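Notes follow once the structure below has been shown.
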There are 2 protein chains.
Amino acid sequence: MGTVKNKENVREASCKEELTAMRDSIDILGGKWKLLIMRYLTNRTTESNHFKKIQRGIDGISAKMLSKELKDLELNLMVTRTIQDTRPVTVNYSITEYGTSIIPVTDMLVQWGLNHREKIRD
Amino acid sequence: MGTVKNKENVREASCKEELTAMRDSIDILGGKWKLLIMRYLTNRTTESNHFKKIQRGIDGISAKMLSKELKDLELNLMVTRTIQDTRPVTVNYSITEYGTSIIPVTDMLVQWGLNHREKIRD
DNA sequence: GCTATTAGTTAACTTTAGGTAACTAGTTAC
DNA sequence: GTAACTAGTTACCTAAAGTTAACTAATAGC
């Protein structure tokens, strides 16, 4: 007890827990589109974001994928879906209060991506 | 000039740039393993991290995937690979100075993952 | 010579993520 | 009645991601 080996084992265990937590994040937010959708929505929280508008805003995403990803995000309480009584009907998607917890992550990823392009150019 | 439409277009454009940057990040760090490997390495910068040790530390990763992902990360200047003159030979992987730029991202993802599990449990 | 360690590689396979295109359905305008 | 808008859905397919297991090669101990 109190040995170096024990300390090592404790750290090892807490490391595993961290990796498990990150695995969860990756499962939920991973793939080609989810973080892009979240970022798009956080950039326009004050406006209405209907399906077609989001699709136009995110280059290359198909209706099928957008629909599927939005469903997943809704299940994970990240976005809400509200049907608007307009002609033709529009469906509004917006980020939830809880969903804003992802903003620090996307902020970092934007910064990192910008910086990495610089870095690699050498 | 100076119209609402113009402002909107400018914001639209900067949003696209952000999404492009994040796409880069996702391309480089996406998938099941890369961020886990980076996290594992940042948790033990002071020690030697040879291939087998990393594989034991990250549940479920195969030699093939670990090898491939480490190569990718090396290409992107995130980790260095050094052959150690031990018997049997060991190969050490460590995070680069530049690679530490990813720590804020993995920190966030660990926190987010822990928090999300709580959230969903309701 | 057999076993075990290291660090991978290779081939063969399965799974899943994602793409494409055609389709439904409700409404409006011409 | 046909075209156009909205928001999807469905079926079919491909390509990429990932898994499994067997193998190489160098070295050491028994």
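Lettering and numbering for the structure tokens are positional, with chains as A, B, ... in the shown order, residues counted from 1 in each chain, and ligands counted from 1 in the shown order.
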
Checklist entry - Could you pull out the alpha helix (DSSP H) residues of chain A from DSSP and send them as a PyMOL selection string? => result chain A and resi 4-29+34-42+51-57+63-75+103-120

Item to check | Distance query stretch 1-18 of chain C at most 9 Å, only C-alpha atoms (C1' of nucleotides), self and fewer than 3 positions along chain excluded, as number ranges by chain | outcome: A: 31-32, 65; B: 51-52, 63-64, 67, 87-91; D: 15-20, 22-24, 26-30

Keeping only N, CA, C and O atoms (P, O5', C5', C4', C3', O3' and C1' of nucleotides), take the residues you just selected and write them out as a compact mmCIF listing (two decimals), in the first residue's frame.
# COMPACT_ATOMS: atom_id res chain seq x y z
N GLY A 31 -18.03 11.04 -36.93
CA GLY A 31 -18.55 11.00 -38.29
C GLY A 31 -18.32 12.31 -39.00
O GLY A 31 -17.77 13.26 -38.44
N LYS A 32 -18.78 12.35 -40.22
CA LYS A 32 -18.42 13.44 -41.12
C LYS A 32 -19.23 14.72 -40.86
O LYS A 32 -18.79 15.81 -41.23
N MET A 65 -28.56 12.22 -45.20
CA MET A 65 -27.63 12.34 -44.09
C MET A 65 -28.07 13.43 -43.12
O MET A 65 -28.05 13.24 -41.91
N PHE B 51 5.12 0.50 -28.46
CA PHE B 51 3.97 0.00 -29.20
C PHE B 51 3.05 -0.88 -28.37
O PHE B 51 1.84 -0.61 -28.25
N LYS B 52 3.60 -1.90 -27.78
CA LYS B 52 2.78 -2.86 -27.03
C LYS B 52 2.10 -2.22 -25.82
O LYS B 52 0.98 -2.56 -25.47
N ALA B 63 -3.19 -4.38 -33.53
CA ALA B 63 -1.86 -3.95 -33.97
C ALA B 63 -1.95 -3.23 -35.31
O ALA B 63 -1.30 -2.20 -35.51
N LYS B 64 -2.77 -3.75 -36.18
CA LYS B 64 -2.88 -3.14 -37.50
C LYS B 64 -3.36 -1.70 -37.42
O LYS B 64 -2.78 -0.80 -38.03
N SER B 67 -0.81 0.63 -35.62
CA SER B 67 0.29 0.93 -36.53
C SER B 67 -0.10 1.97 -37.57
O SER B 67 0.61 2.94 -37.81
N ARG B 87 16.79 -4.91 -25.99
CA ARG B 87 16.51 -6.29 -26.39
C ARG B 87 15.31 -6.77 -25.64
O ARG B 87 15.37 -6.77 -24.39
N PRO B 88 14.23 -7.18 -26.32
CA PRO B 88 14.01 -6.97 -27.75
C PRO B 88 13.82 -5.50 -28.08
O PRO B 88 13.49 -4.70 -27.19
N VAL B 89 14.03 -5.16 -29.32
CA VAL B 89 13.87 -3.78 -29.77
C VAL B 89 12.50 -3.24 -29.35
O VAL B 89 11.50 -3.93 -29.46
N THR B 90 12.48 -2.02 -28.85
CA THR B 90 11.20 -1.36 -28.62
C THR B 90 11.17 -0.08 -29.45
O THR B 90 12.21 0.47 -29.80
N VAL B 91 9.99 0.34 -29.78
CA VAL B 91 9.83 1.57 -30.55
C VAL B 91 9.02 2.54 -29.73
O VAL B 91 7.91 2.23 -29.31
P DA D 15 -16.42 2.52 -55.53
O5' DA D 15 -15.85 3.29 -54.26
C5' DA D 15 -16.63 4.32 -53.63
C4' DA D 15 -16.12 4.53 -52.23
C3' DA D 15 -14.65 4.20 -52.02
O3' DA D 15 -14.15 5.17 -51.12
C1' DA D 15 -15.96 2.84 -50.60
P DA D 16 -12.58 5.36 -50.87
O5' DA D 16 -12.54 5.51 -49.30
C5' DA D 16 -13.65 6.07 -48.63
C4' DA D 16 -13.83 5.42 -47.29
C3' DA D 16 -12.54 5.21 -46.49
O3' DA D 16 -12.76 5.80 -45.24
C1' DA D 16 -13.86 3.25 -46.48
P DA D 17 -11.54 6.01 -44.23
O5' DA D 17 -12.05 5.23 -42.95
C5' DA D 17 -13.44 5.19 -42.65
C4' DA D 17 -13.70 4.04 -41.74
C3' DA D 17 -12.56 3.78 -40.76
O3' DA D 17 -13.12 3.74 -39.47
C1' DA D 17 -13.17 1.78 -41.90
P DG D 18 -12.20 3.65 -38.19
O5' DG D 18 -12.22 2.10 -37.87
C5' DG D 18 -13.47 1.43 -37.71
C4' DG D 18 -13.27 -0.05 -37.75
C3' DG D 18 -12.12 -0.58 -36.88
O3' DG D 18 -12.68 -1.35 -35.82
C1' DG D 18 -12.23 -1.66 -39.00
P DT D 19 -11.81 -2.29 -34.90
O5' DT D 19 -11.99 -3.69 -35.64
C5' DT D 19 -13.32 -4.21 -35.85
C4' DT D 19 -13.24 -5.71 -36.12
C3' DT D 19 -12.32 -6.48 -35.17
O3' DT D 19 -12.97 -7.69 -34.81
C1' DT D 19 -11.61 -6.81 -37.42
P DT D 20 -12.34 -8.60 -33.66
O5' DT D 20 -11.66 -9.77 -34.46
C5' DT D 20 -12.32 -10.31 -35.60
C4' DT D 20 -11.45 -11.38 -36.23
C3' DT D 20 -10.47 -12.08 -35.28
O3' DT D 20 -10.71 -13.46 -35.37
C1' DT D 20 -9.35 -11.27 -37.24
P DA D 22 -5.11 -18.28 -36.84
O5' DA D 22 -4.04 -18.47 -37.99
C5' DA D 22 -4.39 -18.23 -39.36
C4' DA D 22 -3.21 -17.57 -40.08
C3' DA D 22 -1.86 -18.18 -39.72
O3' DA D 22 -1.12 -18.46 -40.90
C1' DA D 22 -1.79 -15.84 -39.51
P DC D 23 0.21 -19.34 -40.83
O5' DC D 23 1.35 -18.21 -41.01
C5' DC D 23 1.50 -17.55 -42.25
C4' DC D 23 2.33 -16.30 -42.07
C3' DC D 23 3.74 -16.51 -41.54
O3' DC D 23 4.66 -16.64 -42.63
C1' DC D 23 2.68 -14.54 -40.65
P DT D 24 6.20 -16.94 -42.29
O5' DT D 24 6.83 -15.48 -42.15
C5' DT D 24 6.73 -14.53 -43.21
C4' DT D 24 7.48 -13.25 -42.81
C3' DT D 24 8.93 -13.49 -42.40
O3' DT D 24 9.76 -12.59 -43.12
C1' DT D 24 7.78 -12.28 -40.70
P DA D 26 16.02 -10.57 -39.71
O5' DA D 26 16.58 -10.01 -38.34
C5' DA D 26 16.16 -8.73 -37.87
C4' DA D 26 16.13 -8.74 -36.36
C3' DA D 26 17.28 -9.54 -35.74
O3' DA D 26 18.03 -8.69 -34.88
C1' DA D 26 15.20 -10.11 -34.74
P DT D 27 19.43 -9.23 -34.26
O5' DT D 27 18.95 -9.70 -32.81
C5' DT D 27 18.36 -8.76 -31.92
C4' DT D 27 17.81 -9.49 -30.71
C3' DT D 27 18.84 -10.37 -30.00
O3' DT D 27 19.10 -9.80 -28.72
C1' DT D 27 16.71 -11.42 -30.18
P DA D 28 20.32 -10.35 -27.84
O5' DA D 28 19.56 -11.20 -26.73
C5' DA D 28 18.45 -10.62 -26.04
C4' DA D 28 17.73 -11.72 -25.27
C3' DA D 28 18.67 -12.68 -24.55
O3' DA D 28 18.46 -12.54 -23.15
C1' DA D 28 16.96 -13.85 -25.74
P DG D 29 19.34 -13.42 -22.13
O5' DG D 29 18.31 -14.58 -21.81
C5' DG D 29 16.93 -14.26 -21.51
C4' DG D 29 16.20 -15.53 -21.10
C3' DG D 29 17.04 -16.49 -20.27
O3' DG D 29 16.19 -17.05 -19.27
C1' DG D 29 16.35 -17.57 -22.27
P DC D 30 16.76 -18.09 -18.21
O5' DC D 30 16.28 -19.48 -18.82
C5' DC D 30 14.87 -19.73 -18.99
C4' DC D 30 14.66 -21.14 -19.53
C3' DC D 30 15.51 -22.20 -18.84
O3' DC D 30 14.69 -23.28 -18.43
C1' DC D 30 15.79 -22.33 -21.19

Selection: 9 Å around B:Asp72, only C-alpha atoms (C1' of nucleotides), excl. self and same-chain fewer than 5 positions, as a PDB file with N, CA, C and O atoms, in the first residue's frame:
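result_8.pdb, written as the output of this step:
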ATOM      1  N   ILE B  28      -8.447  14.817 -40.149  1.00  0.00           N
ATOM      2  CA  ILE B  28      -7.160  14.426 -39.583  1.00  0.00           C
ATOM      3  C   ILE B  28      -7.310  13.664 -38.271  1.00  0.00           C
ATOM      4  O   ILE B  28      -6.573  12.727 -37.995  1.00  0.00           O
ATOM      5  N   LYS B  34      -7.783   7.848 -33.307  1.00  0.00           N
ATOM      6  CA  LYS B  34      -6.701   8.838 -33.256  1.00  0.00           C
ATOM      7  C   LYS B  34      -6.716   9.687 -32.002  1.00  0.00           C
ATOM      8  O   LYS B  34      -5.682   9.901 -31.367  1.00  0.00           O
ATOM      9  N   SER B  67      -0.806   0.632 -35.620  1.00  0.00           N
ATOM     10  CA  SER B  67       0.293   0.926 -36.531  1.00  0.00           C
ATOM     11  C   SER B  67      -0.100   1.969 -37.568  1.00  0.00           C
ATOM     12  O   SER B  67       0.609   2.942 -37.805  1.00  0.00           O
ATOM     13  N   LEU B  77       2.680  15.331 -38.017  1.00  0.00           N
ATOM     14  CA  LEU B  77       3.596  15.961 -37.053  1.00  0.00           C
ATOM     15  C   LEU B  77       3.102  15.942 -35.612  1.00  0.00           C
ATOM     16  O   LEU B  77       3.545  16.732 -34.781  1.00  0.00           O
ATOM     17  N   MET B  78       2.191  15.016 -35.329  1.00  0.00           N
ATOM     18  CA  MET B  78       1.610  14.967 -33.991  1.00  0.00           C
ATOM     19  C   MET B  78       2.416  14.077 -33.051  1.00  0.00           C
ATOM     20  O   MET B  78       2.427  14.308 -31.846  1.00  0.00           O
TER      21      MET B  78
END

Checklist entry - Between atom CA of B:Glu118 and atom CA of B:Leu41, what is the spacing in Å? => result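 Between atom CA of B:Leu41 and atom CA of B:Glu118 the gap is 26.6 Å.
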
Next on the checklist: At a cut-off of 9 Å, using only C-alpha atoms (C1' of nucleotides), what residues contact C:DG19? Leave out same-chain residues fewer than 4 positions from it and give the result as number ranges by chain.
Outcome noted: A: 62; D: 13-14

Would you put the residues from that selection into a file with C-alpha atoms (C1' of nucleotides), as a PDB file, in the first residue's frame?
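That gives us again22.pdb:
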ATOM      1  CA  SER A  62     -27.435  15.070 -48.669  1.00  0.00           C
TER       2      SER A  62
ATOM      3  C1'  DC D  13     -24.889   0.580 -54.083  1.00  0.00           C
ATOM      4  C1'  DT D  14     -19.839   1.739 -53.140  1.00  0.00           C
TER       5       DT D  14
END

Next on the checklist: Residues of chain A were defined as contacting chain B if any atom lay at most 6 Å from it, counting only C-alpha atoms; please report them as a list in words.
Outcome noted: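 Result: Glu18, Ala21, Met22, Asp24, Ser25, Leu109, Val110, Gly113 and Leu114 of chain A.
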
Could you save those same residues with N, CA, C and O atoms as an mmCIF file, in the first residue's frame?
data_model
loop_
_atom_site.group_PDB
_atom_site.id
_atom_site.type_symbol
_atom_site.label_atom_id
_atom_site.label_comp_id
_atom_site.auth_asym_id
_atom_site.auth_seq_id
_atom_site.Cartn_x
_atom_site.Cartn_y
_atom_site.Cartn_z
ATOM 1 N N GLU A 18 -10.911 8.180 -18.469
ATOM 2 C CA GLU A 18 -10.882 9.299 -19.410
ATOM 3 C C GLU A 18 -11.084 8.815 -20.840
ATOM 4 O O GLU A 18 -11.824 9.408 -21.605
ATOM 5 N N ALA A 21 -14.676 8.018 -21.434
ATOM 6 C CA ALA A 21 -15.471 9.234 -21.621
ATOM 7 C C ALA A 21 -15.285 9.780 -23.027
ATOM 8 O O ALA A 21 -16.246 10.173 -23.688
ATOM 9 N N MET A 22 -14.045 9.752 -23.501
ATOM 10 C CA MET A 22 -13.797 10.284 -24.835
ATOM 11 C C MET A 22 -14.398 9.385 -25.909
ATOM 12 O O MET A 22 -14.858 9.866 -26.934
ATOM 13 N N ASP A 24 -17.169 7.833 -25.578
ATOM 14 C CA ASP A 24 -18.571 8.256 -25.612
ATOM 15 C C ASP A 24 -18.739 9.474 -26.512
ATOM 16 O O ASP A 24 -19.607 9.500 -27.379
ATOM 17 N N SER A 25 -17.896 10.469 -26.284
ATOM 18 C CA SER A 25 -17.982 11.683 -27.095
ATOM 19 C C SER A 25 -17.840 11.362 -28.577
ATOM 20 O O SER A 25 -18.608 11.857 -29.406
ATOM 21 N N LEU A 109 -11.797 23.100 -32.435
ATOM 22 C CA LEU A 109 -11.554 22.382 -33.691
ATOM 23 C C LEU A 109 -11.407 23.339 -34.869
ATOM 24 O O LEU A 109 -10.623 23.078 -35.788
ATOM 25 N N VAL A 110 -12.139 24.435 -34.858
ATOM 26 C CA VAL A 110 -11.982 25.453 -35.900
ATOM 27 C C VAL A 110 -10.581 26.054 -35.813
ATOM 28 O O VAL A 110 -9.850 26.124 -36.802
ATOM 29 N N GLY A 113 -7.924 23.524 -36.814
ATOM 30 C CA GLY A 113 -7.922 23.281 -38.258
ATOM 31 C C GLY A 113 -7.242 24.407 -39.022
ATOM 32 O O GLY A 113 -6.461 24.170 -39.944
ATOM 33 N N LEU A 114 -7.539 25.637 -38.639
ATOM 34 C CA LEU A 114 -6.908 26.795 -39.268
ATOM 35 C C LEU A 114 -5.401 26.750 -39.055
ATOM 36 O O LEU A 114 -4.609 26.903 -39.993
#
